[in-house]
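Remarks on the structure that follows.
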Amino acid sequence: MYYLTTEDSFDGAHFLKDYSGKCRNIHGHRWRVVVTIRCEELKTDIQQRGMCVDFSDLKDDLKSETDRLDHALIIEEGSLKTTLLEALLEEDFNIVTVPFRPTAENLSKYLYDKMKAKGYAVSEVKVYETPNNCAAYKED
C-alpha cells in the first residue's frame, strides 16, 4: 500500500454553543489540516506513471476546501439567534454554517468526507487546533 500526505492551513473562528468553558466564546485558530490518501497500485499512464495521484491535484483539492473556511466564522446550524446571524451577514462577514458542532473532531470527519467525495481513497485526516493538539478521523 502506498500513502501520500499533504497539508494546508487556514485561519478561522468558531465557538462551542452550550459549552461551559472558555471555548463557548468566539475565538480563532490557525487550523492545520493533514490529509493522507492511499493506493494499492501506481498509475501506468505516461503523465502520472509511478504516482498514486499527482500531488498538485491533491494539494489543489485540499486547498479548495480550506479556502472556503479561511477567515470565516464556522458555526453550527441554529447556534446563533436569527437576528445576530442576519446582522453578521448584512455586514458581509464570512459565515460558514455546518450541521455539527465545529470541533476539531467533527472538522476532521467533515474534511475526510469532502476529500473522499472528490474521489480520493482517504486514509486519514488530522485537524490541528494548536501546534500540539489535533483530532483525526479515519475509517477502519
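Chain labels follow the order of the C-alpha cells: the first chain is A, the next B, and so on; residue numbering restarts at 1 in every chain, and ligands are counted from 1 in their shown order.
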
Under the rule of at most 10 Å, produce a per-residue listing of range 10-39 of chain A near range 93-117 of chain A: chain, number, name, the closest pair of atoms, and the distance in Å, as JSON lines, using only C-alpha atoms.
{"residue": "A:Gly12", "atom": "CA", "partner": "A:Asn94", "partner_atom": "CA", "distance": 9.9}
{"residue": "A:Ala13", "atom": "CA", "partner": "A:Ile95", "partner_atom": "CA", "distance": 9.6}
{"residue": "A:His14", "atom": "CA", "partner": "A:Pro102", "partner_atom": "CA", "distance": 6.7}
{"residue": "A:Phe15", "atom": "CA", "partner": "A:Pro102", "partner_atom": "CA", "distance": 7.4}
{"residue": "A:Leu16", "atom": "CA", "partner": "A:Arg101", "partner_atom": "CA", "distance": 6.6}
{"residue": "A:Lys17", "atom": "CA", "partner": "A:Arg101", "partner_atom": "CA", "distance": 7.7}
{"residue": "A:Cys23", "atom": "CA", "partner": "A:Thr103", "partner_atom": "CA", "distance": 10.0}
{"residue": "A:Trp31", "atom": "CA", "partner": "A:Ala104", "partner_atom": "CA", "distance": 8.8}
{"residue": "A:Val33", "atom": "CA", "partner": "A:Ser108", "partner_atom": "CA", "distance": 8.0}
{"residue": "A:Val34", "atom": "CA", "partner": "A:Ser108", "partner_atom": "CA", "distance": 9.2}
{"residue": "A:Val35", "atom": "CA", "partner": "A:Tyr112", "partner_atom": "CA", "distance": 7.9}
{"residue": "A:Thr36", "atom": "CA", "partner": "A:Tyr112", "partner_atom": "CA", "distance": 9.5}
{"residue": "A:Ile37", "atom": "CA", "partner": "A:Met115", "partner_atom": "CA", "distance": 9.3}

Note to self: Give me, as a list in words, all polymer residues having an atom no more than 12 Å from Thr5 in chain A, counting only C-alpha atoms and skipping those fewer than 6 positions away in the same chain.
What the structure shows: Val33, Val34, Val35, Thr36, Ile37, Arg38, Cys39, Cys52, Val53, Asp54, Phe55, Ser56, Leu58, Lys59, Leu62, Tyr120, Ala121, Val122, Ser123, Glu124, Val125 and Lys126 of chain A

Output of the above residues as a short mmCIF file (atom, residue, chain, number, x, y, z; two decimals), in the first residue's frame, restricted to C-alpha atoms:
data_model
loop_
_atom_site.label_atom_id
_atom_site.label_comp_id
_atom_site.auth_asym_id
_atom_site.auth_seq_id
_atom_site.Cartn_x
_atom_site.Cartn_y
_atom_site.Cartn_z
CA VAL A 33 -5.17 20.07 8.07
CA VAL A 34 -3.14 16.95 7.19
CA VAL A 35 -4.66 14.57 4.63
CA THR A 36 -3.28 11.11 3.91
CA ILE A 37 -4.53 9.10 0.95
CA ARG A 38 -3.68 5.56 -0.09
CA CYS A 39 -3.45 3.47 -3.23
CA CYS A 52 -0.75 7.37 -6.81
CA VAL A 53 -2.11 10.77 -7.80
CA ASP A 54 -0.50 13.99 -8.89
CA PHE A 55 0.49 15.92 -5.75
CA SER A 56 -0.61 19.13 -7.48
CA LEU A 58 -4.26 16.59 -4.25
CA LYS A 59 -2.93 19.91 -2.90
CA LEU A 62 -7.47 20.25 -0.31
CA TYR A 120 -9.60 10.13 -3.17
CA ALA A 121 -9.03 6.92 -1.20
CA VAL A 122 -8.61 8.83 2.04
CA SER A 123 -6.74 7.03 4.77
CA GLU A 124 -6.86 9.72 7.45
CA VAL A 125 -7.48 13.41 8.05
CA LYS A 126 -5.93 15.22 11.01
#

*asked:* Please return, as a PyMOL selection string, all residues of range 12-134 of chain A that DSSP assigns to strand (DSSP E or B) on the basis of the backbone.
replied: chain A and resi 12-14+27-39+72-76+95-98+122-130+133-134

Note to self: To one decimal place in Å, what is the distance between CA of Arg32 in chain A and CA of Phe10 in chain A?
What the structure shows: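 Computing it gives 6.7 Å between the two atoms.
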
Looking at only C-alpha atoms, which of A:Glu90, A:Glu40, A:Asp57, A:Asp8 is the one that sits closest to Asp70 in chain A?
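With only C-alpha atoms as the atom set, the closest residue is A:Asp8.
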